[in-house]
Amino acid sequence: MESNFDNLDAAGFLEIWQHFDADDNGYIEGKELDEFFCHMLKKLGPQEKVTEEGVQRLKQRFMSAYDVTADGKLQIQELANMILPEDENFLLVFRREAPLDNSVDFMKIWRKYDVDCSGYISAQELKAFLKDLFQQHHKEVSSDKLEEYTDTMMKIFDKNKDGRLDLNDLARILALQENFLLQFNIDASSKVERKRDFDKIFAHYDVNKTGALEGPEVDGFVKDMMELVRPSITGPELEKLRGILLRHCDVNKDGKIQQNELALCLGVKPKP
């Protein structure tokens, strides 16, 4: 990146992000985007006259290179890749070789770091998560830097400013892909279609291929199912809904939901 941003650190990045994501929706888009590239043009060529044509040219150049999702918006990771020097880009540790497209994998991460089972990720738990990620990337980070990165992450992603992260905050950080269940038509007309869709759904959440959903597999299914009717649920709500599903569907009380138990519970399979 150009030398003007070579000394930018996490705190400076946060300041830029919060300034241009004026509506706090997690993206820089529309008018915010034009204002950001106008700011960039002034930084990159302080002696040059800023014109609308110049702004649009710079915008096109950078968006074609950094707008990975090609949605005409800048996500926080995309902006970090654009302006943060690599040794300061703490968001690089969230890069994955494959996208996080399964809520089961997401819930495994959630369960691991929600150590006190409060249904939230505290600043200390987030710090442990970041520390592990840096180690996995073979990157040495001082305790002061780890503290700074944790503080920056909390300020960016803790949307309700209660000093902790909920399920949706962590889903944003990890760029969890779209809800798997959205692709299915719940009003499928024939039994054949409903059975076909059910088999696909069960296979998706049965990550361990045991023929039963357990632990994070149940969590992932409950999370996606409930988010079909509510945009977001909290950790404590997930725990409550998980218990309700198990009480209704776990017929043999083994703490798992067998495929035939879930089919019966959802009305896909006729009662014997």
# chains A, B, ... in the order shown; residues from 1 in each chain; ligands from 1

$ select_by_dssp --residues "region 73-235 of chain A" --states "strand (DSSP E or B)" --output "PyMOL selection string"
chain A and resi 74-75+121-122+164-165+212-213

$ write_last_selection --atoms "C-alpha atoms" --output "short mmCIF file (atom, residue, chain, number, x, y, z; two decimals), in the first residue's frame"
data_model
loop_
_atom_site.label_atom_id
_atom_site.label_comp_id
_atom_site.auth_asym_id
_atom_site.auth_seq_id
_atom_site.Cartn_x
_atom_site.Cartn_y
_atom_site.Cartn_z
CA LEU A 74 -16.31 -2.23 1.59
CA GLN A 75 -16.41 -4.72 4.46
CA ILE A 121 -17.74 -13.81 24.54
CA SER A 122 -16.08 -11.48 27.05
CA ARG A 164 -19.10 -8.50 25.26
CA LEU A 165 -19.78 -10.20 21.93
CA ALA A 212 -27.42 -38.21 14.61
CA LEU A 213 -27.06 -34.53 15.51
#

$ residues_around --residues "Gln258 (chain A)" --least-positions-apart "2" --cutoff "12 Å" --atoms "only C-alpha atoms" --output "list in words"
Phe202, Ala203, Tyr205, Asp206, Lys209, Thr210, Gly211, Ala212, Leu213, Glu214, Glu217, Val218, Leu246, Cys249, Asp250, Val251, Asn252, Lys253, Asp254, Gly255, Lys256, Asn260, Glu261, Leu262, Ala263, Leu264 and Cys265 of chain A

$ write_last_selection --atoms "N, CA and C atoms" --output "mmCIF file, in the first residue's frame"
data_model
loop_
_atom_site.group_PDB
_atom_site.id
_atom_site.type_symbol
_atom_site.label_atom_id
_atom_site.label_comp_id
_atom_site.auth_asym_id
_atom_site.auth_seq_id
_atom_site.Cartn_x
_atom_site.Cartn_y
_atom_site.Cartn_z
ATOM 1 N N PHE A 202 -30.360 -32.510 6.751
ATOM 2 C CA PHE A 202 -29.778 -33.345 7.803
ATOM 3 C C PHE A 202 -28.310 -33.632 7.503
ATOM 4 N N ALA A 203 -28.016 -33.934 6.236
ATOM 5 C CA ALA A 203 -26.633 -34.238 5.846
ATOM 6 C C ALA A 203 -25.717 -33.042 6.091
ATOM 7 N N TYR A 205 -25.969 -30.690 8.452
ATOM 8 C CA TYR A 205 -25.687 -30.466 9.869
ATOM 9 C C TYR A 205 -25.044 -31.684 10.535
ATOM 10 N N ASP A 206 -25.204 -32.858 9.953
ATOM 11 C CA ASP A 206 -24.569 -34.065 10.492
ATOM 12 C C ASP A 206 -23.117 -34.110 9.997
ATOM 13 N N LYS A 209 -21.156 -37.245 10.336
ATOM 14 C CA LYS A 209 -21.745 -38.374 9.577
ATOM 15 C C LYS A 209 -22.019 -39.590 10.462
ATOM 16 N N THR A 210 -22.621 -39.331 11.622
ATOM 17 C CA THR A 210 -22.955 -40.421 12.541
ATOM 18 C C THR A 210 -24.423 -40.842 12.427
ATOM 19 N N GLY A 211 -25.198 -40.071 11.647
ATOM 20 C CA GLY A 211 -26.629 -40.359 11.561
ATOM 21 C C GLY A 211 -27.418 -39.729 12.694
ATOM 22 N N ALA A 212 -26.740 -38.905 13.502
ATOM 23 C CA ALA A 212 -27.416 -38.208 14.614
ATOM 24 C C ALA A 212 -26.774 -36.837 14.794
ATOM 25 N N LEU A 213 -27.581 -35.859 15.204
ATOM 26 C CA LEU A 213 -27.061 -34.533 15.514
ATOM 27 C C LEU A 213 -26.762 -34.459 17.004
ATOM 28 N N GLU A 214 -25.576 -33.973 17.335
ATOM 29 C CA GLU A 214 -25.238 -33.813 18.750
ATOM 30 C C GLU A 214 -24.313 -32.626 18.934
ATOM 31 N N GLU A 217 -23.600 -29.644 16.417
ATOM 32 C CA GLU A 217 -24.474 -29.914 15.263
ATOM 33 C C GLU A 217 -25.907 -29.488 15.580
ATOM 34 N N VAL A 218 -26.361 -29.792 16.794
ATOM 35 C CA VAL A 218 -27.695 -29.352 17.235
ATOM 36 C C VAL A 218 -27.717 -27.818 17.332
ATOM 37 N N LEU A 246 -34.492 -30.603 22.010
ATOM 38 C CA LEU A 246 -34.116 -31.931 22.512
ATOM 39 C C LEU A 246 -35.280 -32.594 23.250
ATOM 40 N N CYS A 249 -37.750 -33.718 20.433
ATOM 41 C CA CYS A 249 -37.313 -34.614 19.363
ATOM 42 C C CYS A 249 -36.494 -35.811 19.820
ATOM 43 N N ASP A 250 -35.809 -35.686 20.961
ATOM 44 C CA ASP A 250 -34.933 -36.775 21.405
ATOM 45 C C ASP A 250 -35.755 -37.848 22.108
ATOM 46 N N VAL A 251 -36.375 -38.676 21.299
ATOM 47 C CA VAL A 251 -37.336 -39.669 21.818
ATOM 48 C C VAL A 251 -36.671 -40.669 22.754
ATOM 49 N N ASN A 252 -35.471 -41.146 22.383
ATOM 50 C CA ASN A 252 -34.826 -42.180 23.216
ATOM 51 C C ASN A 252 -33.938 -41.587 24.319
ATOM 52 N N LYS A 253 -33.958 -40.250 24.456
ATOM 53 C CA LYS A 253 -33.270 -39.538 25.551
ATOM 54 C C LYS A 253 -31.774 -39.869 25.648
ATOM 55 N N ASP A 254 -31.092 -39.929 24.494
ATOM 56 C CA ASP A 254 -29.648 -40.190 24.513
ATOM 57 C C ASP A 254 -28.837 -38.907 24.333
ATOM 58 N N GLY A 255 -29.532 -37.757 24.349
ATOM 59 C CA GLY A 255 -28.839 -36.480 24.199
ATOM 60 C C GLY A 255 -28.487 -36.131 22.766
ATOM 61 N N LYS A 256 -28.954 -36.958 21.832
ATOM 62 C CA LYS A 256 -28.715 -36.712 20.404
ATOM 63 C C LYS A 256 -30.056 -36.705 19.680
ATOM 64 N N ASN A 260 -34.216 -40.117 12.109
ATOM 65 C CA ASN A 260 -35.652 -40.452 12.110
ATOM 66 C C ASN A 260 -36.412 -39.676 13.190
ATOM 67 N N GLU A 261 -35.721 -39.335 14.296
ATOM 68 C CA GLU A 261 -36.357 -38.532 15.345
ATOM 69 C C GLU A 261 -36.661 -37.118 14.836
ATOM 70 N N LEU A 262 -35.697 -36.515 14.129
ATOM 71 C CA LEU A 262 -35.909 -35.167 13.617
ATOM 72 C C LEU A 262 -36.981 -35.164 12.526
ATOM 73 N N ALA A 263 -36.974 -36.212 11.696
ATOM 74 C CA ALA A 263 -37.985 -36.315 10.639
ATOM 75 C C ALA A 263 -39.380 -36.385 11.244
ATOM 76 N N LEU A 264 -39.515 -37.181 12.278
ATOM 77 C CA LEU A 264 -40.797 -37.335 12.965
ATOM 78 C C LEU A 264 -41.225 -36.011 13.601
ATOM 79 N N CYS A 265 -40.247 -35.338 14.224
ATOM 80 C CA CYS A 265 -40.503 -34.071 14.912
ATOM 81 C C CYS A 265 -40.949 -32.978 13.921
#

$ residues_around --residues "Ile201 (chain A)" --least-positions-apart "5" --cutoff "9 Å" --atoms "only C-alpha atoms" --output "list of chain:residue names"
A:Phe180, A:Leu181, A:Phe184, A:Arg196, A:Asp206, A:Phe221

$ residues_around --residues "Gln77 (chain A)" --least-positions-apart "3" --cutoff "10 Å" --atoms "only C-alpha atoms" --output "PyMOL selection string"
chain A and resi 66-68+74+80-82+89-92+94-95+173+175

$ closest_residue --among "A:Ala171, A:Leu33, A:Leu228, A:Val141" --to "Asp101 (chain A)" --atoms "only C-alpha atoms"
A:Ala171

$ closest_residue --among "A:Leu41, A:Gly72, A:Asn168, A:Leu266" --to "Arg230 (chain A)" --atoms "only C-alpha atoms"
A:Asn168
